[in-house]
Amino acid sequence: MVKPKQEFMVSELNRLREVGLYNNIRTIQSPQGAWLIIDGSKVLNLCSNNYLGLANHPDLIFEAKKILDEFGVGPGAVRSIAGTMTLHKDLERVLSDFKGVENSLALQSGFVANQAVIPAIDADAIFTDYLNHASIIDGVRLTKAKRFIYEHNSVEDLAAKLEEGKDAEKKLIISDGVFSMDGDIAPVDEIVKVADEYNALVMIDDAHGEGVLGAHGRGIGDHFNLHNGEIDIEIGTLSKAIGVVGGFVAGSNVLIDYLQQKGRPFLFSSALTPPDVAAAIAAIKILEKDDTLVKKLWENAKYFQKALKDIGFDTGKTQTPITPIMIGEAKVASDFSKKLLQEGIFAMSIGFPTVPKGEARIRAMLSAAHEKEDLDKGIAGFEKVGKQLNII
Ligand SMILES: *Cc1c(COP(=O)(O)O)cnc(C)c1O
């Protein structure tokens, strides 16, 4: 029985189903990895952001268990009152070294990190890429700044918008480093140059860059060889390649000092749990030591993407292991995903509002957890369904 005052939810859900945008959330009955159990069947996992296969790595499990015995399960409080443990400080030291910055601040998630930083900066004007992640959009909504949305990855349009807003005192440019739906990379080298001309702060969200781009997966800064604080604020996540959960901000000492006084999710929401922190430290240590997993991720991505293109699929403009398979209509993309699952392949369709209308797609996520046979199985499934649905 739906109460009359909740009827609007029913009609909206019906509308979503009609246009193929209702998201059927699958329940996973196994640990993360190359293969998953869904509804009792074993399926190839092409959905997770577990780029390096660390979510179920023995070193991370070992360290998390050890710390459970020493520190328990909960952080006890928000960090600014009584929730900062030596463990959190250790993580921040390890993250700062990994990213090559002065300091960093661990937060509950990448999403939260954007809510911590953007309102705290309290800019007069914000210049934000049209395709920025939802957590950036929501962070911007929490401010009173004048908004300038520039064309996706267009430094020319960014410069024009900066010129238009040049009288604003405090200016902040925000961009994803890697765009999660297309896999393309922001021209951060050019963004920092134009930012300099207009004395604007640069904030880059490297959620899909850490563990993926740069030497040993150090991320977007290393990818562009920007090691001298050109990026004022870097947002990171511990929930993707790092394999755990959590987020962080990386930058100068003064930035981190400032955020510890001003970042509301830092001040009003409890800290990461001890096992999360221990596992994240273990993950960064693996990356520091050895880049085998990062290399394998890229080999897998190149192999899979080339095969799909050779078959005739359009993989968009990806430059990273994020692999969009462009379909067009949301309904067709959703049918494609369902048929793939019947073939034992788990790859989600993505439609509006996550991507623009008419640009629905399947997004396949590659991982170092995949072996070549796994990828071959995936490629064969895509070919079969692509032919059935007249896409290739
Ligand atoms: C995934 C993602 C986030 C959110 O990270 P979580 O740690 O999962 O909250 C933030 N920003 C971007 C660009 C992302 O892709």
# chains A, B, ... in the order shown; residues from 1 in each chain; ligands from 1
$ residues_near_ligand --ligand "ligand 1" --cutoff "9 Å" --atoms "only C-alpha atoms and all ligand atoms" --output "ChimeraX atom specification"
/A:49,108-114,132-136,175-181,204-208,235-240,244-248
$ select_by_dssp --residues "segment 193-338 of chain A" --states "helix (DSSP H, G or I)" --output "number ranges by chain"
A: 193-197, 215-217, 220-223, 253-262, 264-268, 274-289, 292-311, 330-338
$ closest_residue --among "A:Ala368, A:Leu142, A:Ile118, A:Val277" --to "Ile233 of chain A" --atoms "only C-alpha atoms"
A:Ile118
$ select_by_dssp --residues "segment 107-284 of chain A" --states "strand (DSSP E or B)" --output "ChimeraX atom specification"
/A:107,125-129,146-150,171-176,178,185,201-205,233-237,247-251,270
$ write_last_selection --atoms "C-alpha atoms" --output "CSV table (one decimal), in the first residue's frame"
chain,number,residue,atom,x,y,z
A,107,LEU,CA,38.0,11.9,4.7
A,125,ALA,CA,33.6,32.5,-8.8
A,126,ILE,CA,33.8,28.8,-9.7
A,127,PHE,CA,34.7,27.6,-13.1
A,128,THR,CA,33.6,24.0,-13.5
A,129,ASP,CA,33.8,21.5,-16.4
A,146,LYS,CA,29.0,32.8,-9.3
A,147,ARG,CA,29.1,29.7,-11.5
A,148,PHE,CA,30.8,29.4,-14.9
A,149,ILE,CA,30.3,26.0,-16.5
A,150,TYR,CA,32.8,25.7,-19.3
A,171,LYS,CA,38.5,32.2,-8.3
A,172,LEU,CA,38.4,28.4,-8.3
A,173,ILE,CA,38.7,26.1,-11.3
A,174,ILE,CA,37.4,22.5,-10.8
A,175,SER,CA,37.8,19.5,-13.1
A,176,ASP,CA,37.8,15.8,-12.9
A,178,VAL,CA,39.8,11.4,-15.7
A,185,ILE,CA,41.7,13.0,-19.5
A,201,LEU,CA,43.0,28.1,-7.7
A,202,VAL,CA,43.1,24.8,-9.5
A,203,MET,CA,41.3,21.8,-8.0
A,204,ILE,CA,41.5,18.4,-9.8
A,205,ASP,CA,39.5,15.3,-8.7
A,233,ILE,CA,44.0,21.0,-4.5
A,234,GLU,CA,43.8,17.3,-5.4
A,235,ILE,CA,40.9,15.2,-4.5
A,236,GLY,CA,41.4,11.5,-4.1
A,237,THR,CA,39.5,8.4,-3.3
A,247,GLY,CA,38.7,9.8,0.3
A,248,PHE,CA,41.3,12.4,0.8
A,249,VAL,CA,42.6,15.9,-0.2
A,250,ALA,CA,46.2,16.4,-1.1
A,251,GLY,CA,48.0,19.7,-1.3
A,270,SER,CA,33.1,10.6,12.1
$ closest_residue --among "A:Glu70, A:Asp157, A:Glu299, A:Glu151" --to "Pro321 of chain A" --atoms "only C-alpha atoms"
A:Glu299
$ residues_around --residues "Ile379 of chain A" --least-positions-apart "5" --cutoff "9 Å" --atoms "only C-alpha atoms" --output "VMD selection string"
chain A and resid 304 307 to 308 311 374 384
$ closest_residue --among "A:Lys357, A:Arg15, A:Lys372, A:His216" --to "Ala330 of chain A" --atoms "only C-alpha atoms"
A:Lys357
$ closest_residue --among "A:Leu60, A:Leu87, A:Ala186, A:Ile191" --to "Asp232 of chain A" --atoms "only C-alpha atoms"
A:Ile191
$ atom_distance --atom1 "atom CA of Ala120 of chain A" --atom2 "atom CA of Arg141 of chain A"
12.4 Å
$ closest_residue --among "A:Ala116, A:Leu375, A:Val10, A:Leu287" --to "Lys306 of chain A" --atoms "only C-alpha atoms"
A:Leu375
$ atom_distance --atom1 "atom CA of Leu95 of chain A" --atom2 "atom CA of Gly211 of chain A"
12.0 Å
$ residues_around --residues "Asp59 of chain A" --least-positions-apart "5" --cutoff "8 Å" --atoms "only C-alpha atoms" --output "PDB file with N, CA, C and O atoms, in the first residue's frame"
ATOM      1  N   ALA A 279      43.975  -0.968   5.771  1.00  0.00           N
ATOM      2  CA  ALA A 279      43.960  -1.578   4.443  1.00  0.00           C
ATOM      3  C   ALA A 279      44.432  -0.582   3.387  1.00  0.00           C
ATOM      4  O   ALA A 279      45.186  -0.940   2.470  1.00  0.00           O
ATOM      5  N   ALA A 282      48.137  -0.292   3.469  1.00  0.00           N
ATOM      6  CA  ALA A 282      48.740  -1.480   2.851  1.00  0.00           C
ATOM      7  C   ALA A 282      48.697  -1.379   1.324  1.00  0.00           C
ATOM      8  O   ALA A 282      49.656  -1.758   0.635  1.00  0.00           O
ATOM      9  N   ALA A 283      47.590  -0.844   0.805  1.00  0.00           N
ATOM     10  CA  ALA A 283      47.455  -0.709  -0.654  1.00  0.00           C
ATOM     11  C   ALA A 283      48.499   0.248  -1.217  1.00  0.00           C
ATOM     12  O   ALA A 283      49.155  -0.047  -2.221  1.00  0.00           O
TER      13      ALA A 283
END
$ closest_atom_pairs --of "segment 227-322 of chain A" --to "segment 72-85 of chain A" --cutoff "10 Å" --atoms "only C-alpha atoms" --output "Markdown table"
| residue | atom | partner | partner_atom | distance |
| --- | --- | --- | --- | --- |
| A:Gln260 | CA | A:Ser80 | CA | 7.5 |
| A:Gln261 | CA | A:Ser80 | CA | 8.5 |
| A:Pro265 | CA | A:Val78 | CA | 8.8 |
| A:Phe266 | CA | A:Arg79 | CA | 6.5 |
| A:Leu267 | CA | A:Ser80 | CA | 5.6 |
| A:Phe268 | CA | A:Val78 | CA | 6.1 |
| A:Ser269 | CA | A:Val78 | CA | 5.3 |
| A:Ser270 | CA | A:Val78 | CA | 3.8 |
| A:Ala271 | CA | A:Val78 | CA | 5.5 |
| A:Leu272 | CA | A:Pro75 | CA | 6.6 |
| A:Thr273 | CA | A:Gly74 | CA | 5.3 |
| A:Pro274 | CA | A:Val73 | CA | 6.2 |
| A:Pro275 | CA | A:Val73 | CA | 6.9 |
| A:Asp276 | CA | A:Val73 | CA | 9.4 |
$ residues_around --residues "Thr27 of chain A" --least-positions-apart "5" --cutoff "9 Å" --atoms "only C-alpha atoms" --output "number ranges by chain"
A: 37-39
$ closest_residue --among "A:Val94, A:Leu46, A:Leu158, A:Leu259" --to "Asp122 of chain A" --atoms "only C-alpha atoms"
A:Leu259
$ atom_distance --atom1 "atom CA of Val355 of chain A" --atom2 "atom CA of Glu210 of chain A"
22.6 Å
$ decode --residues "segment 216-297 of chain A" --atoms "C-alpha atoms" --output "PDB file, in the first residue's frame"
ATOM      1  CA  HIS A 216      53.271   3.502  -9.960  1.00  0.00           C
ATOM      2  CA  GLY A 217      49.765   4.936 -10.287  1.00  0.00           C
ATOM      3  CA  ARG A 218      50.637   8.203  -8.532  1.00  0.00           C
ATOM      4  CA  GLY A 219      47.877   9.896 -10.492  1.00  0.00           C
ATOM      5  CA  ILE A 220      47.174  12.868 -12.705  1.00  0.00           C
ATOM      6  CA  GLY A 221      49.893  15.161 -11.317  1.00  0.00           C
ATOM      7  CA  ASP A 222      52.585  12.638 -12.122  1.00  0.00           C
ATOM      8  CA  HIS A 223      50.977  11.921 -15.515  1.00  0.00           C
ATOM      9  CA  PHE A 224      51.487  15.591 -16.486  1.00  0.00           C
ATOM     10  CA  ASN A 225      54.765  15.931 -14.601  1.00  0.00           C
ATOM     11  CA  LEU A 226      53.292  18.641 -12.366  1.00  0.00           C
ATOM     12  CA  HIS A 227      55.273  18.257  -9.160  1.00  0.00           C
ATOM     13  CA  ASN A 228      55.597  21.814  -7.895  1.00  0.00           C
ATOM     14  CA  GLY A 229      52.198  22.550  -6.461  1.00  0.00           C
ATOM     15  CA  GLU A 230      50.711  23.649  -9.800  1.00  0.00           C
ATOM     16  CA  ILE A 231      47.547  21.776  -8.797  1.00  0.00           C
ATOM     17  CA  ASP A 232      46.480  23.599  -5.634  1.00  0.00           C
ATOM     18  CA  ILE A 233      43.984  20.983  -4.507  1.00  0.00           C
ATOM     19  CA  GLU A 234      43.811  17.319  -5.448  1.00  0.00           C
ATOM     20  CA  ILE A 235      40.863  15.172  -4.465  1.00  0.00           C
ATOM     21  CA  GLY A 236      41.444  11.458  -4.141  1.00  0.00           C
ATOM     22  CA  THR A 237      39.480   8.370  -3.337  1.00  0.00           C
ATOM     23  CA  LEU A 238      40.471   5.215  -1.504  1.00  0.00           C
ATOM     24  CA  SER A 239      37.383   3.476  -2.902  1.00  0.00           C
ATOM     25  CA  LYS A 240      38.513   2.745  -6.452  1.00  0.00           C
ATOM     26  CA  ALA A 241      42.018   1.526  -7.375  1.00  0.00           C
ATOM     27  CA  ILE A 242      43.078   1.589  -3.711  1.00  0.00           C
ATOM     28  CA  GLY A 243      40.393  -1.039  -3.141  1.00  0.00           C
ATOM     29  CA  VAL A 244      38.984   0.081   0.224  1.00  0.00           C
ATOM     30  CA  VAL A 245      36.690   3.020   0.997  1.00  0.00           C
ATOM     31  CA  GLY A 246      37.434   6.633   1.870  1.00  0.00           C
ATOM     32  CA  GLY A 247      38.657   9.832   0.312  1.00  0.00           C
ATOM     33  CA  PHE A 248      41.322  12.438   0.769  1.00  0.00           C
ATOM     34  CA  VAL A 249      42.554  15.895  -0.156  1.00  0.00           C
ATOM     35  CA  ALA A 250      46.194  16.409  -1.132  1.00  0.00           C
ATOM     36  CA  GLY A 251      48.029  19.725  -1.313  1.00  0.00           C
ATOM     37  CA  SER A 252      50.038  22.261   0.650  1.00  0.00           C
ATOM     38  CA  ASN A 253      50.437  22.397   4.428  1.00  0.00           C
ATOM     39  CA  VAL A 254      48.396  25.582   4.581  1.00  0.00           C
ATOM     40  CA  LEU A 255      45.535  24.015   2.597  1.00  0.00           C
ATOM     41  CA  ILE A 256      45.320  21.041   4.958  1.00  0.00           C
ATOM     42  CA  ASP A 257      45.578  23.265   8.038  1.00  0.00           C
ATOM     43  CA  TYR A 258      42.762  25.400   6.610  1.00  0.00           C
ATOM     44  CA  LEU A 259      40.533  22.394   5.833  1.00  0.00           C
ATOM     45  CA  GLN A 260      40.983  21.008   9.347  1.00  0.00           C
ATOM     46  CA  GLN A 261      39.377  24.247  10.593  1.00  0.00           C
ATOM     47  CA  LYS A 262      36.819  24.721   7.818  1.00  0.00           C
ATOM     48  CA  GLY A 263      35.899  21.405   6.178  1.00  0.00           C
ATOM     49  CA  ARG A 264      32.456  20.567   7.499  1.00  0.00           C
ATOM     50  CA  PRO A 265      32.488  16.791   6.865  1.00  0.00           C
ATOM     51  CA  PHE A 266      35.832  16.715   8.706  1.00  0.00           C
ATOM     52  CA  LEU A 267      34.370  18.652  11.623  1.00  0.00           C
ATOM     53  CA  PHE A 268      30.900  17.109  11.787  1.00  0.00           C
ATOM     54  CA  SER A 269      31.140  13.518  10.542  1.00  0.00           C
ATOM     55  CA  SER A 270      33.089  10.645  12.071  1.00  0.00           C
ATOM     56  CA  ALA A 271      36.421   9.421  10.786  1.00  0.00           C
ATOM     57  CA  LEU A 272      37.306   6.393   8.696  1.00  0.00           C
ATOM     58  CA  THR A 273      37.343   3.140  10.659  1.00  0.00           C
ATOM     59  CA  PRO A 274      40.683   1.592  11.736  1.00  0.00           C
ATOM     60  CA  PRO A 275      40.484  -1.438   9.392  1.00  0.00           C
ATOM     61  CA  ASP A 276      39.714   0.825   6.395  1.00  0.00           C
ATOM     62  CA  VAL A 277      42.731   2.965   7.189  1.00  0.00           C
ATOM     63  CA  ALA A 278      45.052  -0.003   7.724  1.00  0.00           C
ATOM     64  CA  ALA A 279      43.960  -1.578   4.443  1.00  0.00           C
ATOM     65  CA  ALA A 280      44.433   1.696   2.554  1.00  0.00           C
ATOM     66  CA  ILE A 281      47.962   2.092   3.929  1.00  0.00           C
ATOM     67  CA  ALA A 282      48.740  -1.480   2.851  1.00  0.00           C
ATOM     68  CA  ALA A 283      47.455  -0.709  -0.654  1.00  0.00           C
ATOM     69  CA  ILE A 284      49.633   2.388  -1.063  1.00  0.00           C
ATOM     70  CA  LYS A 285      52.632   0.417   0.162  1.00  0.00           C
ATOM     71  CA  ILE A 286      52.047  -2.200  -2.546  1.00  0.00           C
ATOM     72  CA  LEU A 287      51.934   0.546  -5.182  1.00  0.00           C
ATOM     73  CA  GLU A 288      55.096   2.228  -3.878  1.00  0.00           C
ATOM     74  CA  LYS A 289      56.977  -1.062  -3.972  1.00  0.00           C
ATOM     75  CA  ASP A 290      55.938  -2.397  -7.317  1.00  0.00           C
ATOM     76  CA  ASP A 291      54.083  -1.291 -10.467  1.00  0.00           C
ATOM     77  CA  THR A 292      53.196  -4.766 -11.776  1.00  0.00           C
ATOM     78  CA  LEU A 293      49.474  -4.324 -11.144  1.00  0.00           C
ATOM     79  CA  VAL A 294      49.337  -0.908 -12.822  1.00  0.00           C
ATOM     80  CA  LYS A 295      51.104  -2.320 -15.888  1.00  0.00           C
ATOM     81  CA  LYS A 296      48.775  -5.304 -16.048  1.00  0.00           C
ATOM     82  CA  LEU A 297      45.736  -3.019 -15.808  1.00  0.00           C
TER      83      LEU A 297
END
